[in-house]
file entry.cif (mmCIF, C-alpha atoms and all ligand atoms)
data_target
loop_
_atom_site.group_PDB
_atom_site.id
_atom_site.type_symbol
_atom_site.label_atom_id
_atom_site.label_comp_id
_atom_site.auth_asym_id
_atom_site.auth_seq_id
_atom_site.Cartn_x
_atom_site.Cartn_y
_atom_site.Cartn_z
ATOM 1 C CA MET A 1 7.028 92.310 54.135
ATOM 2 C CA VAL A 2 8.789 93.296 57.314
ATOM 3 C CA LEU A 3 10.146 91.442 60.280
ATOM 4 C CA GLY A 4 10.112 93.901 63.118
ATOM 5 C CA ASP A 5 8.346 95.562 65.986
ATOM 6 C CA ARG A 6 4.566 95.244 65.633
ATOM 7 C CA GLN A 7 3.882 98.423 67.566
ATOM 8 C CA TYR A 8 6.120 100.431 65.248
ATOM 9 C CA TYR A 9 5.074 99.012 61.876
ATOM 10 C CA SER A 10 1.363 98.877 62.606
ATOM 11 C CA ARG A 11 1.427 102.681 62.549
ATOM 12 C CA PHE A 12 2.015 102.442 58.818
ATOM 13 C CA GLY A 13 -0.704 99.903 58.192
ATOM 14 C CA PHE A 14 1.297 96.680 58.409
ATOM 15 C CA VAL A 15 -0.695 93.710 59.680
ATOM 16 C CA SER A 16 0.300 90.188 60.650
ATOM 17 C CA ALA A 17 1.263 88.270 57.496
ATOM 18 C CA SER A 18 -0.638 85.268 58.792
ATOM 19 C CA THR A 19 -3.861 87.156 58.017
ATOM 20 C CA GLN A 20 -2.828 86.773 54.359
ATOM 21 C CA ASP A 21 -1.893 83.115 54.910
ATOM 22 C CA LEU A 22 1.823 83.971 54.641
ATOM 23 C CA ARG A 23 4.410 82.468 56.973
ATOM 24 C CA CYS A 24 8.014 83.376 57.669
ATOM 25 C CA GLU A 25 10.694 80.798 56.972
ATOM 26 C CA TYR A 26 12.189 81.608 60.359
ATOM 27 C CA ASP A 27 10.835 80.785 63.788
ATOM 28 C CA VAL A 28 9.658 84.254 64.765
ATOM 29 C CA PRO A 29 6.601 85.493 66.653
ATOM 30 C CA ASP A 30 3.561 85.738 64.410
ATOM 31 C CA ALA A 31 3.013 89.377 65.357
ATOM 32 C CA ALA A 32 6.534 90.303 64.189
ATOM 33 C CA PHE A 33 6.128 89.071 60.627
ATOM 34 C CA MET A 34 4.012 91.682 58.900
ATOM 35 C CA VAL A 35 2.808 92.696 55.499
ATOM 36 C CA LEU A 36 1.435 95.842 53.907
ATOM 37 C CA GLU A 37 -0.376 95.397 50.648
ATOM 38 C CA LEU A 38 0.502 98.470 48.582
ATOM 39 C CA ASN A 39 -1.615 97.368 45.637
ATOM 40 C CA GLY A 40 -5.006 96.184 46.804
ATOM 41 C CA LEU A 41 -4.816 92.923 44.853
ATOM 42 C CA ALA A 42 -1.088 92.197 45.006
ATOM 43 C CA LEU A 43 -1.399 89.396 47.569
ATOM 44 C CA GLN A 44 -4.707 88.034 46.347
ATOM 45 C CA ASP A 45 -3.305 84.720 45.111
ATOM 46 C CA CYS A 46 -0.279 84.547 47.410
ATOM 47 C CA SER A 47 0.096 82.162 50.325
ATOM 48 C CA GLY A 48 2.751 79.948 51.817
ATOM 49 C CA THR A 49 6.216 80.386 53.265
ATOM 50 C CA VAL A 50 8.172 83.533 52.441
ATOM 51 C CA GLN A 51 11.847 82.888 51.634
ATOM 52 C CA TYR A 52 14.339 85.642 52.481
ATOM 53 C CA ARG A 53 17.052 86.739 50.092
ATOM 54 C CA SER A 54 20.587 85.502 50.696
ATOM 55 C CA GLU A 55 21.632 88.818 52.306
ATOM 56 C CA PHE A 56 19.546 87.893 55.349
ATOM 57 C CA LYS A 57 21.392 84.586 55.755
ATOM 58 C CA VAL A 58 24.381 86.480 57.246
ATOM 59 C CA CYS A 59 22.236 87.245 60.242
ATOM 60 C CA GLU A 60 20.982 83.680 60.395
ATOM 61 C CA SER A 61 24.528 82.296 60.581
ATOM 62 C CA ARG A 62 25.317 84.623 63.486
ATOM 63 C CA SER A 63 22.395 83.535 65.589
ATOM 64 C CA LEU A 64 22.509 80.626 67.973
ATOM 65 C CA ASN A 65 19.999 77.804 67.601
ATOM 66 C CA ASN A 66 18.435 79.660 64.660
ATOM 67 C CA ASN A 67 16.722 81.965 67.145
ATOM 68 C CA LEU A 68 16.309 85.074 65.065
ATOM 69 C CA ASN A 69 14.627 86.937 67.866
ATOM 70 C CA GLU A 70 18.094 87.571 69.219
ATOM 71 C CA CYS A 71 19.417 88.514 65.810
ATOM 72 C CA PHE A 72 16.599 90.507 64.274
ATOM 73 C CA MET A 73 14.328 91.748 66.959
ATOM 74 C CA THR A 74 16.397 93.086 69.832
ATOM 75 C CA VAL A 75 19.485 95.249 69.668
ATOM 76 C CA SER A 76 21.610 96.291 72.615
ATOM 77 C CA VAL A 77 22.205 100.009 72.085
ATOM 78 C CA HIS A 78 25.100 101.626 73.918
ATOM 79 C CA PHE A 79 25.035 105.424 74.075
ATOM 80 C CA LEU A 80 28.298 107.333 74.476
ATOM 81 C CA PRO A 81 29.511 109.446 76.162
ATOM 82 C CA ASP A 82 26.663 108.810 78.617
ATOM 83 C CA ASP A 83 27.711 105.120 78.833
ATOM 84 C CA VAL A 84 24.120 103.924 78.963
ATOM 85 C CA THR A 85 23.008 100.643 77.394
ATOM 86 C CA ILE A 86 19.414 99.750 76.620
ATOM 87 C CA GLU A 87 17.594 97.068 74.643
ATOM 88 C CA ALA A 88 15.750 98.321 71.582
ATOM 89 C CA ALA A 89 13.605 96.786 68.885
ATOM 90 C CA VAL A 90 14.613 96.774 65.250
ATOM 91 C CA GLY A 91 12.792 99.630 63.597
ATOM 92 C CA GLU A 92 12.349 101.581 66.808
ATOM 93 C CA PRO A 93 13.092 105.277 66.233
ATOM 94 C CA PHE A 94 16.450 106.374 67.648
ATOM 95 C CA LEU A 95 14.938 109.320 69.503
ATOM 96 C CA GLU A 96 12.470 107.033 71.283
ATOM 97 C CA VAL A 97 15.257 104.659 72.278
ATOM 98 C CA ALA A 98 17.390 107.531 73.560
ATOM 99 C CA ASN A 99 14.430 108.940 75.449
ATOM 100 C CA ARG A 100 13.784 105.585 77.149
ATOM 101 C CA ALA A 101 17.471 105.422 78.049
ATOM 102 C CA GLY A 102 17.369 108.893 79.570
ATOM 103 C CA VAL A 103 19.827 110.152 76.960
ATOM 104 C CA ALA A 104 19.110 113.614 75.612
ATOM 105 C CA ILE A 105 19.856 113.998 71.929
ATOM 106 C CA PRO A 106 19.557 117.644 70.867
ATOM 107 C CA VAL A 107 16.954 118.229 68.183
ATOM 108 C CA GLY A 108 15.873 121.050 65.938
ATOM 109 C CA CYS A 109 13.779 120.575 62.815
ATOM 110 C CA LEU A 110 12.853 116.894 63.392
ATOM 111 C CA MET A 111 12.862 116.469 59.609
ATOM 112 C CA GLY A 112 16.459 115.540 58.796
ATOM 113 C CA SER A 113 17.457 119.015 57.642
ATOM 114 C CA CYS A 114 19.313 120.808 60.433
ATOM 115 C CA HIS A 115 21.521 117.907 61.647
ATOM 116 C CA ALA A 116 21.161 119.013 65.278
ATOM 117 C CA CYS A 117 20.332 115.408 66.132
ATOM 118 C CA GLU A 118 23.304 113.890 64.322
ATOM 119 C CA VAL A 119 24.968 110.920 66.026
ATOM 120 C CA GLU A 120 27.758 108.598 64.961
ATOM 121 C CA LEU A 121 27.288 104.840 64.734
ATOM 122 C CA ASP A 122 30.057 102.364 65.461
ATOM 123 C CA ASP A 123 30.498 101.681 61.753
ATOM 124 C CA GLY A 124 31.567 105.306 61.304
ATOM 125 C CA ARG A 125 28.362 106.519 59.676
ATOM 126 C CA SER A 126 26.755 109.723 60.889
ATOM 127 C CA ILE A 127 22.975 109.736 60.887
ATOM 128 C CA CYS A 128 20.214 112.149 61.799
ATOM 129 C CA SER A 129 18.578 110.356 64.696
ATOM 130 C CA CYS A 130 15.261 112.159 64.179
ATOM 131 C CA ILE A 131 14.649 110.277 60.934
ATOM 132 C CA SER A 132 16.486 107.030 61.671
ATOM 133 C CA SER A 133 15.605 103.830 63.422
ATOM 134 C CA ILE A 134 17.402 100.838 64.880
ATOM 135 C CA PRO A 135 18.814 98.901 61.924
ATOM 136 C CA LEU A 136 18.224 95.285 61.093
ATOM 137 C CA GLY A 137 20.878 92.626 61.546
ATOM 138 C CA ARG A 138 22.805 93.993 64.526
ATOM 139 C CA SER A 139 22.871 92.570 68.025
ATOM 140 C CA HIS A 140 24.893 95.478 69.466
ATOM 141 C CA LEU A 141 25.151 99.060 68.369
ATOM 142 C CA THR A 142 27.208 101.902 69.802
ATOM 143 C CA VAL A 143 25.849 105.389 69.264
ATOM 144 C CA THR A 144 28.063 108.376 70.001
ATOM 145 C CA LEU A 145 26.482 111.753 70.528
ATOM 146 C CA PHE A 146 28.316 114.749 69.201
ATOM 147 C CA SER A 147 28.793 117.649 71.511
ATOM 148 C CA ASP A 148 28.933 121.049 69.924
ATOM 149 C CA PRO A 149 29.139 123.840 72.486
ATOM 150 C CA THR A 150 28.196 126.385 69.820
ATOM 151 C CA TRP A 151 24.940 124.656 68.872
HETATM 152 S S1 LIG B 201 16.418 117.464 64.328
HETATM 153 FE FE1 LIG B 201 17.003 118.452 62.494
HETATM 154 S S2 LIG B 201 17.914 116.872 61.387
HETATM 155 FE FE2 LIG B 201 17.180 115.883 63.152
#
call {"tool": "encode", "arguments": {"input": "entry.cif", "output": "structure tokens"}}
result
Amino acid sequence: MVLGDRQYYSRFGFVSASTQDLRCEYDVPDAAFMVLELNGLALQDCSGTVQYRSEFKVCESRSLNNNLNECFMTVSVHFLPDDVTIEAAVGEPFLEVANRAGVAIPVGCLMGSCHACEVELDDGRSICSCISSIPLGRSHLTVTLFSDPTW
């Protein structure tokens, strides 16, 4: 089960959970609540409302009027040092978001090996943007590009 961008997750075979008679406990667009049946018969006798684990309730308490679209689906991404902010969908690849924002992140292998695309998130973690996507549960995210004149 995923709650995210339909365009992104459909690439991996996810389909609307409502086609399996599964509903999300939250008020989210039908197209955003998706399922991928890894075992061909795993969902055969499943139907009803899917309950999220308690870890997801943190996000629920942050949102106003229980509108999880604001909490789960859209993240305001601020790129530094360019000082560009853009809205992005949860699960959207970082490189695609940067590209839409007109921010050039240097790349090399595009496989997570060379670290040419490494950026720092506002929680202090460094990630390879070529293999990372916009995380769940954030409404704002600051991404700092490293500049290495020797690279
Ligand atoms: S481009 Fe090499 S790790 Fe991302």
call {"tool": "closest_residue", "arguments": {"input": "entry.cif", "among": "A:Met34, A:Leu136, A:Cys130, A:Leu3", "to": "A:Ala88", "atoms": "all atoms listed in the file"}}
result
A:Leu136
call {"tool": "closest_residue", "arguments": {"input": "entry.cif", "among": "A:Leu22, A:Ala31, A:Val97, A:Val143", "to": "A:Asp45", "atoms": "all atoms listed in the file"}}
result
A:Leu22
call {"tool": "residues_near_ligand", "arguments": {"input": "entry.cif", "ligand": "ligand LIG 201 (chain B)", "cutoff": "12 Å", "atoms": "only C-alpha atoms and all ligand atoms", "output": "PyMOL selection string"}}
result
chain A and resi 93-95+105-119+126-132+151
call {"tool": "resolve_selection", "arguments": {"input": "entry.cif", "expression": "the PyMOL selection byres (((chain A and resi 4-20) around 8) and not hetatm)", "output": "ChimeraX atom specification"}}
result
/A:1-3,21-23,30-36,43,46-47,72-73,89-92
call {"tool": "write_last_selection", "arguments": {"input": "entry.cif", "atoms": "C-alpha atoms", "output": "PDB file, in the frame of the given file"}}
result
ATOM      1  CA  MET A   1       7.028  92.310  54.135  1.00  0.00           C
ATOM      2  CA  VAL A   2       8.789  93.296  57.314  1.00  0.00           C
ATOM      3  CA  LEU A   3      10.146  91.442  60.280  1.00  0.00           C
ATOM      4  CA  ASP A  21      -1.893  83.115  54.910  1.00  0.00           C
ATOM      5  CA  LEU A  22       1.823  83.971  54.641  1.00  0.00           C
ATOM      6  CA  ARG A  23       4.410  82.468  56.973  1.00  0.00           C
ATOM      7  CA  ASP A  30       3.561  85.738  64.410  1.00  0.00           C
ATOM      8  CA  ALA A  31       3.013  89.377  65.357  1.00  0.00           C
ATOM      9  CA  ALA A  32       6.534  90.303  64.189  1.00  0.00           C
ATOM     10  CA  PHE A  33       6.128  89.071  60.627  1.00  0.00           C
ATOM     11  CA  MET A  34       4.012  91.682  58.900  1.00  0.00           C
ATOM     12  CA  VAL A  35       2.808  92.696  55.499  1.00  0.00           C
ATOM     13  CA  LEU A  36       1.435  95.842  53.907  1.00  0.00           C
ATOM     14  CA  LEU A  43      -1.399  89.396  47.569  1.00  0.00           C
ATOM     15  CA  CYS A  46      -0.279  84.547  47.410  1.00  0.00           C
ATOM     16  CA  SER A  47       0.096  82.162  50.325  1.00  0.00           C
ATOM     17  CA  PHE A  72      16.599  90.507  64.274  1.00  0.00           C
ATOM     18  CA  MET A  73      14.328  91.748  66.959  1.00  0.00           C
ATOM     19  CA  ALA A  89      13.605  96.786  68.885  1.00  0.00           C
ATOM     20  CA  VAL A  90      14.613  96.774  65.250  1.00  0.00           C
ATOM     21  CA  GLY A  91      12.792  99.630  63.597  1.00  0.00           C
ATOM     22  CA  GLU A  92      12.349 101.581  66.808  1.00  0.00           C
TER      23      GLU A  92
END
call {"tool": "residues_around", "arguments": {"input": "entry.cif", "residues": "A:Val103", "least_positions_apart": "2", "cutoff": "10 Å", "atoms": "all atoms listed in the file", "output": "PyMOL selection string"}}
result
chain A and resi 79-84+95-101+105-106+145
call {"tool": "atom_distance", "arguments": {"input": "entry.cif", "atom1": "atom CA of A:Ala42", "atom2": "atom CA of A:Pro135"}}
result
27.0 Å
call {"tool": "decode", "arguments": {"input": "entry.cif", "residues": "stretch 81-121 of chain A", "atoms": "N, CA and C atoms", "output": "compact mmCIF listing (two decimals), in the first residue's frame"}}
result
# COMPACT_ATOMS: atom_id res chain seq x y z
N PRO A 81 22.14 26.65 -2.42
CA PRO A 81 22.14 28.09 -2.24
C PRO A 81 21.35 28.85 -3.30
N ASP A 82 20.68 28.15 -4.20
CA ASP A 82 19.95 28.83 -5.28
C ASP A 82 18.79 29.67 -4.74
N ASP A 83 18.28 29.31 -3.53
CA ASP A 83 17.14 29.99 -2.93
C ASP A 83 15.91 29.92 -3.83
N VAL A 84 15.61 28.70 -4.26
CA VAL A 84 14.45 28.44 -5.10
C VAL A 84 13.54 27.48 -4.34
N THR A 85 12.25 27.79 -4.31
CA THR A 85 11.28 26.93 -3.64
C THR A 85 10.26 26.45 -4.67
N ILE A 86 9.92 25.16 -4.56
CA ILE A 86 8.98 24.57 -5.49
C ILE A 86 8.15 23.53 -4.76
N GLU A 87 6.93 23.32 -5.20
CA GLU A 87 6.07 22.28 -4.63
C GLU A 87 6.41 20.96 -5.30
N ALA A 88 6.47 19.91 -4.48
CA ALA A 88 6.78 18.59 -5.03
C ALA A 88 5.86 17.56 -4.39
N ALA A 89 5.68 16.47 -5.07
CA ALA A 89 4.84 15.38 -4.56
C ALA A 89 5.69 14.40 -3.77
N VAL A 90 5.11 13.85 -2.73
CA VAL A 90 5.79 12.79 -2.00
C VAL A 90 6.09 11.65 -2.98
N GLY A 91 7.31 11.19 -2.92
CA GLY A 91 7.72 10.11 -3.81
C GLY A 91 8.32 10.58 -5.12
N GLU A 92 8.22 11.87 -5.39
CA GLU A 92 8.79 12.39 -6.63
C GLU A 92 10.32 12.39 -6.53
N PRO A 93 11.01 11.88 -7.54
CA PRO A 93 12.47 11.83 -7.48
C PRO A 93 13.08 13.22 -7.32
N PHE A 94 14.11 13.31 -6.47
CA PHE A 94 14.75 14.60 -6.21
C PHE A 94 15.25 15.25 -7.49
N LEU A 95 15.85 14.47 -8.38
CA LEU A 95 16.41 15.06 -9.59
C LEU A 95 15.31 15.68 -10.46
N GLU A 96 14.13 15.06 -10.48
CA GLU A 96 13.03 15.62 -11.26
C GLU A 96 12.53 16.92 -10.64
N VAL A 97 12.48 16.95 -9.31
CA VAL A 97 12.05 18.16 -8.62
C VAL A 97 13.04 19.29 -8.89
N ALA A 98 14.33 18.98 -8.75
CA ALA A 98 15.36 19.98 -9.00
C ALA A 98 15.30 20.48 -10.44
N ASN A 99 15.10 19.57 -11.35
CA ASN A 99 15.01 19.93 -12.77
C ASN A 99 13.83 20.88 -13.01
N ARG A 100 12.68 20.59 -12.42
CA ARG A 100 11.52 21.47 -12.56
C ARG A 100 11.79 22.84 -11.97
N ALA A 101 12.60 22.85 -10.89
CA ALA A 101 12.91 24.12 -10.22
C ALA A 101 14.00 24.90 -10.94
N GLY A 102 14.61 24.28 -11.94
CA GLY A 102 15.71 24.95 -12.64
C GLY A 102 17.01 24.90 -11.85
N VAL A 103 17.09 23.97 -10.92
CA VAL A 103 18.29 23.80 -10.10
C VAL A 103 19.10 22.64 -10.68
N ALA A 104 20.36 22.90 -10.92
CA ALA A 104 21.21 21.87 -11.53
C ALA A 104 22.00 21.14 -10.44
N ILE A 105 21.64 19.89 -10.23
CA ILE A 105 22.40 19.05 -9.31
C ILE A 105 23.38 18.24 -10.16
N PRO A 106 24.67 18.32 -9.87
CA PRO A 106 25.63 17.55 -10.66
C PRO A 106 25.38 16.05 -10.51
N VAL A 107 25.55 15.32 -11.57
CA VAL A 107 25.36 13.87 -11.51
C VAL A 107 26.52 13.16 -12.19
N GLY A 108 26.65 11.91 -11.85
CA GLY A 108 27.67 11.06 -12.47
C GLY A 108 27.06 9.73 -12.83
N CYS A 109 27.14 8.78 -11.94
CA CYS A 109 26.75 7.39 -12.23
C CYS A 109 25.24 7.18 -12.32
N LEU A 110 24.47 8.02 -11.63
CA LEU A 110 23.01 7.87 -11.53
C LEU A 110 22.59 6.53 -10.92
N MET A 111 23.46 5.97 -10.09
CA MET A 111 23.16 4.69 -9.44
C MET A 111 23.43 4.72 -7.94
N GLY A 112 23.80 5.86 -7.39
CA GLY A 112 24.08 5.92 -5.96
C GLY A 112 25.49 5.53 -5.57
N SER A 113 26.39 5.46 -6.53
CA SER A 113 27.75 5.02 -6.23
C SER A 113 28.77 6.15 -6.11
N CYS A 114 28.70 7.12 -6.99
CA CYS A 114 29.78 8.12 -7.07
C CYS A 114 29.59 9.30 -6.12
N HIS A 115 28.40 9.53 -5.65
CA HIS A 115 28.04 10.63 -4.73
C HIS A 115 28.20 12.02 -5.35
N ALA A 116 28.29 12.11 -6.65
CA ALA A 116 28.35 13.41 -7.31
C ALA A 116 27.08 14.21 -7.05
N CYS A 117 25.98 13.52 -6.85
CA CYS A 117 24.68 14.16 -6.71
C CYS A 117 24.29 14.39 -5.25
N GLU A 118 25.24 14.23 -4.35
CA GLU A 118 24.93 14.30 -2.92
C GLU A 118 24.44 15.69 -2.52
N VAL A 119 23.36 15.72 -1.74
CA VAL A 119 22.82 16.96 -1.20
C VAL A 119 22.58 16.73 0.30
N GLU A 120 22.44 17.84 1.01
CA GLU A 120 22.17 17.74 2.45
C GLU A 120 20.76 18.19 2.74
N LEU A 121 20.04 17.40 3.52
CA LEU A 121 18.68 17.76 3.93
C LEU A 121 18.74 18.55 5.22
